[in-house]
Amino acid sequence: MIGTTANGAQALQDPDLSWVEQVTPEQLMHPQEIVARLREQAPLAWVPAAAAYLATSWAVCHEIANDPENFESLAIPWHERVYRHPAIINSEGEVHAHLRRALGTPVSARAIRSQIESRMRPTAKALIQKLRDQERAELMADYFEPISVRCVADSYGFFDVPTDTLRRWFHSIKTGAINTATNEDGSFANPAGFDAADQTREEIRSYLELRSKDDPDEPDSVVARWLNAETADGVRWSIDYILPSMLVVLFGGLQEPGHALGNTFLGLTTAPEQLQRTIADRTLLPRAIAEGLRWTAPLYGGPTRSAKRDLVYHGVPLKKGDVVRLVYGSANHDSTEFEHPDRYDIDRASHAHLAFGEGRHSCLGSAISPQIARVALEELFSAFPHIALDPHKPAVSTGWPFHGPAQLHVILDETNR
Ligand code: HEM
């Protein structure tokens, strides 16, 4: 059978894409082999298990991300359902530009400069202190997730929300964000799958309402000042206006630096000599983290665009409204861009990666995330220079569209065993 698209047209690039029809959502949780075949055969192809066209090559991802004439970020049903409107990832034009300025300012390179030593490092040191008496740790739960959520939340002024609550928030929003399965009529196959995310949305709304009443002159009243401020454009915040985008940040933003840390750590363990070199020379960490982001993109296949009109793109007929997922995790393994792309290699020639996307919807956390990761690994390697994966509990990065190790069991000081 010839590969067919959502609108019934034939995919033009490949004579036989019948295997794509057989791909299951479970197989997509380990997407590497699937996207490698697609990159070779049909870098823009309808994949039923993803309920979307997948863009898997560097060139197609790059072009679509930078093509506002033909593609937009509107009307993705599961985004609308979880976040509501106007979420930054589902907006375009003036509203999008305004949300970007407002949400981007607290996490800009300039804004976070002073937080690196004053907030991030003490957070890292406090978490490391708790690990000191332990022989082993599960790094995701014990260190990478807590430091990730704490640092991002603090930069938005959520100082009083306990770290475990922040982790619960993003895990619960996630249950809604991955509940994408639909019936043939387009309705959601599992409506109850949104309940936990809905409850969390209301909990976050109540929290923002409470904090908006803080005294704006109090030093820690970032949230109140932020919610009550009038922006340069004369637009005043309302909680309904900011909540959808805040959910995007509280979900992806809180989670993804943790995944970036997990993926970087795993990458380093595939190349023990590079791990040793990085532990001995921490100035290598920015390279190690950038390579970790390239090697396994934490938002592997998540970002979506929809076609603004009927068009034929890279030989594939698309109908207005067809959804394309930009599989940046695959683009980062495109052999036309990277030599031996499947290898984790901190010595590879310098080359930008697409883990933060690009274009007008590129990630707002691209400045803060590598800094969180750098400080976290500096403190980890300084405290435990002989850290090693627990050989009895192998770790693996999985997930679609988010990708990272669910658990990362380590022996903290291998020399003592
Ligand atoms: C290593 C960590 C992270 C990775 C890999 C990551 C990755 C991404 C990617 C791939 C996109 C979509 C780009 C596109 O559509 O082309 C994105 C969007 C976004 N990210 Fe991140 N992210 C990370 C951390 C963060 C953090 C810490 C924040 C918040 C402070 C954040 C906030 C956002 C927002 C608000 C958007 C939507 C931007 C828009 O639609 O205009 N991200 N991120």
# chains A, B, ... in the order shown; residues from 1 in each chain; ligands from 1
$ residues_near_ligand --ligand "ligand 1" --cutoff "6 Å" --atoms "only C-alpha atoms and all ligand atoms" --output "list in words"
Ala65, Ile88, Ile89, Arg100, Val107, Val152, Val249, Gly252, Gly253, Leu254, Glu256, Pro257, Ala260, Ala297, Pro298, Leu299, Pro303, Ala355, Phe356, Gly357, Glu358, His361, Ser362, Cys363, Leu364, Gly365 and Ser369 of chain A
$ residues_around --residues "Lys308 of chain A" --least-positions-apart "6" --cutoff "12 Å" --atoms "only C-alpha atoms" --output "VMD selection string"
chain A and resid 64 67 to 75 318 to 324
$ write_last_selection --atoms "N, CA and C atoms" --output "tab-separated table (two decimals), in the first residue's frame"
chain	number	residue	atom	x	y	z
A	64	ILE	N	9.65	24.82	8.21
A	64	ILE	CA	8.30	25.03	8.74
A	64	ILE	C	8.33	25.98	9.94
A	67	ASP	N	8.33	29.54	8.67
A	67	ASP	CA	7.45	29.84	7.54
A	67	ASP	C	6.07	30.31	8.03
A	68	PRO	N	5.98	31.55	8.52
A	68	PRO	CA	4.68	32.02	9.03
A	68	PRO	C	3.64	32.22	7.94
A	69	GLU	N	4.10	32.24	6.69
A	69	GLU	CA	3.14	32.40	5.59
A	69	GLU	C	2.24	31.17	5.46
A	70	ASN	N	2.84	30.00	5.62
A	70	ASN	CA	2.11	28.76	5.37
A	70	ASN	C	1.71	27.98	6.63
A	71	PHE	N	2.38	28.28	7.77
A	71	PHE	CA	2.09	27.49	8.98
A	71	PHE	C	1.88	28.39	10.18
A	72	GLU	N	0.94	28.01	11.03
A	72	GLU	CA	0.67	28.80	12.24
A	72	GLU	C	0.48	27.87	13.43
A	73	SER	N	0.44	28.49	14.61
A	73	SER	CA	0.31	27.68	15.83
A	73	SER	C	-1.07	27.87	16.43
A	74	LEU	N	-2.08	27.58	15.66
A	74	LEU	CA	-3.44	27.78	16.16
A	74	LEU	C	-4.22	26.47	16.17
A	75	ALA	N	-5.24	26.43	17.03
A	75	ALA	CA	-6.28	25.40	16.95
A	75	ALA	C	-5.78	23.97	16.99
A	318	LEU	N	-1.01	18.97	1.67
A	318	LEU	CA	-1.58	19.25	3.00
A	318	LEU	C	-2.86	20.05	2.82
A	319	LYS	N	-3.83	19.77	3.69
A	319	LYS	CA	-5.07	20.55	3.69
A	319	LYS	C	-5.00	21.60	4.78
A	320	LYS	N	-5.69	22.71	4.59
A	320	LYS	CA	-5.77	23.75	5.62
A	320	LYS	C	-6.16	23.11	6.97
A	321	GLY	N	-5.39	23.42	8.00
A	321	GLY	CA	-5.70	22.87	9.32
A	321	GLY	C	-4.97	21.57	9.65
A	322	ASP	N	-4.34	20.94	8.65
A	322	ASP	CA	-3.59	19.72	8.96
A	322	ASP	C	-2.47	20.04	9.96
A	323	VAL	N	-2.30	19.13	10.91
A	323	VAL	CA	-1.32	19.37	11.98
A	323	VAL	C	0.01	18.71	11.65
A	324	VAL	N	1.10	19.48	11.77
A	324	VAL	CA	2.45	18.95	11.57
A	324	VAL	C	3.19	19.06	12.90
$ closest_residue --among "A:Gly315, A:Gly267, A:Pro86, A:Pro405" --to "Asp342 of chain A" --atoms "only C-alpha atoms"
A:Gly267
$ residues_around --residues "His403 of chain A" --least-positions-apart "2" --cutoff "6 Å" --atoms "only C-alpha atoms" --output "list in words"
Pro298, Tyr300, Thr398 and Gly399 of chain A
$ write_last_selection --atoms "C-alpha atoms" --output "PDB file, in the first residue's frame"
ATOM      1  CA  PRO A 298      13.750  16.790  25.805  1.00  0.00           C
ATOM      2  CA  TYR A 300      11.449  15.410  21.174  1.00  0.00           C
ATOM      3  CA  THR A 398      11.863   7.268  26.642  1.00  0.00           C
ATOM      4  CA  GLY A 399       8.768   9.235  25.770  1.00  0.00           C
TER       5      GLY A 399
END
$ residues_around --residues "segment 29-36 of chain A" --least-positions-apart "6" --cutoff "9 Å" --atoms "only C-alpha atoms" --output "PyMOL selection string"
chain A and resi 20+23+43+54+56-57+300+327+329-330+333-334+397-403
$ write_last_selection --atoms "C-alpha atoms" --output "PDB file, in the first residue's frame"
ATOM      1  CA  VAL A  20       4.018   3.717   8.941  1.00  0.00           C
ATOM      2  CA  VAL A  23       3.341   2.123  14.027  1.00  0.00           C
ATOM      3  CA  PRO A  43      10.772  13.511   5.990  1.00  0.00           C
ATOM      4  CA  LEU A  54       5.753  14.319  11.307  1.00  0.00           C
ATOM      5  CA  THR A  56      11.691  14.609  10.776  1.00  0.00           C
ATOM      6  CA  SER A  57      14.578  16.109   8.795  1.00  0.00           C
ATOM      7  CA  TYR A 300      11.449  15.410  21.174  1.00  0.00           C
ATOM      8  CA  VAL A 327      10.287  16.391  15.513  1.00  0.00           C
ATOM      9  CA  GLY A 329      14.722  15.281  18.314  1.00  0.00           C
ATOM     10  CA  SER A 330      14.970  13.705  14.864  1.00  0.00           C
ATOM     11  CA  HIS A 333      20.157  13.383  14.273  1.00  0.00           C
ATOM     12  CA  ASP A 334      20.075  14.321  10.603  1.00  0.00           C
ATOM     13  CA  SER A 397      15.394   7.768  27.952  1.00  0.00           C
ATOM     14  CA  THR A 398      11.863   7.268  26.642  1.00  0.00           C
ATOM     15  CA  GLY A 399       8.768   9.235  25.770  1.00  0.00           C
ATOM     16  CA  TRP A 400       6.643  10.885  23.161  1.00  0.00           C
ATOM     17  CA  PRO A 401       6.456  13.801  22.714  1.00  0.00           C
ATOM     18  CA  PHE A 402       8.570  14.517  25.834  1.00  0.00           C
ATOM     19  CA  HIS A 403      11.694  12.481  26.160  1.00  0.00           C
TER      20      HIS A 403
END
$ closest_residue --among "A:Ile173, A:Ala87, A:Ile112, A:Ala307" --to "Met246 of chain A" --atoms "only C-alpha atoms"
A:Ala87
$ closest_residue --among "A:Cys151, A:Leu293, A:Ala388, A:Leu354" --to "Ala59 of chain A" --atoms "only C-alpha atoms"
A:Leu354
$ closest_residue --among "A:Gly157, A:Asp195, A:Thr264, A:Gln134" --to "Asp214 of chain A" --atoms "only C-alpha atoms"
A:Gly157
$ residues_around --residues "Tyr344 of chain A" --least-positions-apart "2" --cutoff "10 Å" --atoms "only C-alpha atoms" --output "number ranges by chain"
A: 264, 266-271, 274, 288, 291-292, 294-296, 340-342, 346-348
$ decode --residues "segment 188-247 of chain A" --atoms "C-alpha atoms" --output "PDB file, in the first residue's frame"
ATOM      1  CA  PHE A 188     -11.469  12.900  22.668  1.00  0.00           C
ATOM      2  CA  ALA A 189     -11.310   9.147  23.246  1.00  0.00           C
ATOM      3  CA  ASN A 190     -10.719   9.545  26.988  1.00  0.00           C
ATOM      4  CA  PRO A 191     -12.407  12.724  28.296  1.00  0.00           C
ATOM      5  CA  ALA A 192     -11.731  11.721  31.913  1.00  0.00           C
ATOM      6  CA  GLY A 193      -8.031  11.830  31.071  1.00  0.00           C
ATOM      7  CA  PHE A 194      -8.216  15.620  31.429  1.00  0.00           C
ATOM      8  CA  ASP A 195      -9.632  15.626  34.968  1.00  0.00           C
ATOM      9  CA  ALA A 196      -6.320  15.827  36.843  1.00  0.00           C
ATOM     10  CA  ALA A 197      -5.010  18.623  34.618  1.00  0.00           C
ATOM     11  CA  ASP A 198      -8.309  20.524  35.044  1.00  0.00           C
ATOM     12  CA  GLN A 199      -8.085  20.275  38.828  1.00  0.00           C
ATOM     13  CA  THR A 200      -4.501  21.491  38.762  1.00  0.00           C
ATOM     14  CA  ARG A 201      -5.464  24.426  36.550  1.00  0.00           C
ATOM     15  CA  GLU A 202      -8.008  25.517  39.188  1.00  0.00           C
ATOM     16  CA  GLU A 203      -5.466  25.064  41.967  1.00  0.00           C
ATOM     17  CA  ILE A 204      -2.993  27.289  40.101  1.00  0.00           C
ATOM     18  CA  ARG A 205      -5.732  29.844  39.428  1.00  0.00           C
ATOM     19  CA  SER A 206      -6.499  30.045  43.156  1.00  0.00           C
ATOM     20  CA  TYR A 207      -2.816  30.446  43.913  1.00  0.00           C
ATOM     21  CA  LEU A 208      -2.438  33.305  41.407  1.00  0.00           C
ATOM     22  CA  GLU A 209      -5.569  35.009  42.788  1.00  0.00           C
ATOM     23  CA  LEU A 210      -4.154  34.851  46.283  1.00  0.00           C
ATOM     24  CA  ARG A 211      -0.745  36.158  45.285  1.00  0.00           C
ATOM     25  CA  SER A 212      -2.164  38.970  43.174  1.00  0.00           C
ATOM     26  CA  LYS A 213      -3.372  40.516  46.448  1.00  0.00           C
ATOM     27  CA  ASP A 214       0.160  40.660  47.960  1.00  0.00           C
ATOM     28  CA  ASP A 215       1.575  44.012  48.938  1.00  0.00           C
ATOM     29  CA  PRO A 216       3.519  45.056  45.818  1.00  0.00           C
ATOM     30  CA  ASP A 217       6.118  46.798  48.008  1.00  0.00           C
ATOM     31  CA  GLU A 218       7.113  43.567  49.754  1.00  0.00           C
ATOM     32  CA  PRO A 219      10.458  42.288  48.377  1.00  0.00           C
ATOM     33  CA  ASP A 220       9.091  38.819  47.501  1.00  0.00           C
ATOM     34  CA  SER A 221       5.917  40.018  45.805  1.00  0.00           C
ATOM     35  CA  VAL A 222       7.120  39.312  42.266  1.00  0.00           C
ATOM     36  CA  VAL A 223       3.803  37.638  41.387  1.00  0.00           C
ATOM     37  CA  ALA A 224       1.725  40.575  42.627  1.00  0.00           C
ATOM     38  CA  ARG A 225       3.864  43.121  40.805  1.00  0.00           C
ATOM     39  CA  TRP A 226       3.780  40.996  37.690  1.00  0.00           C
ATOM     40  CA  LEU A 227       0.018  40.369  37.707  1.00  0.00           C
ATOM     41  CA  ASN A 228      -0.852  43.976  38.528  1.00  0.00           C
ATOM     42  CA  ALA A 229       1.565  45.639  36.167  1.00  0.00           C
ATOM     43  CA  GLU A 230       0.460  47.441  33.088  1.00  0.00           C
ATOM     44  CA  THR A 231       2.730  46.477  30.230  1.00  0.00           C
ATOM     45  CA  ALA A 232       4.467  48.881  27.857  1.00  0.00           C
ATOM     46  CA  ASP A 233       1.657  48.179  25.369  1.00  0.00           C
ATOM     47  CA  GLY A 234      -0.935  49.388  27.872  1.00  0.00           C
ATOM     48  CA  VAL A 235      -2.323  45.860  28.307  1.00  0.00           C
ATOM     49  CA  ARG A 236      -3.185  44.916  31.867  1.00  0.00           C
ATOM     50  CA  TRP A 237      -2.783  41.375  33.063  1.00  0.00           C
ATOM     51  CA  SER A 238      -5.779  39.362  34.100  1.00  0.00           C
ATOM     52  CA  ILE A 239      -5.496  35.893  35.566  1.00  0.00           C
ATOM     53  CA  ASP A 240      -7.624  34.443  32.752  1.00  0.00           C
ATOM     54  CA  TYR A 241      -5.275  36.024  30.231  1.00  0.00           C
ATOM     55  CA  ILE A 242      -2.071  34.732  31.799  1.00  0.00           C
ATOM     56  CA  LEU A 243      -3.216  31.340  33.165  1.00  0.00           C
ATOM     57  CA  PRO A 244      -3.089  29.346  29.879  1.00  0.00           C
ATOM     58  CA  SER A 245       0.490  30.443  29.186  1.00  0.00           C
ATOM     59  CA  MET A 246       1.475  30.028  32.820  1.00  0.00           C
ATOM     60  CA  LEU A 247       0.322  26.394  32.498  1.00  0.00           C
TER      61      LEU A 247
END
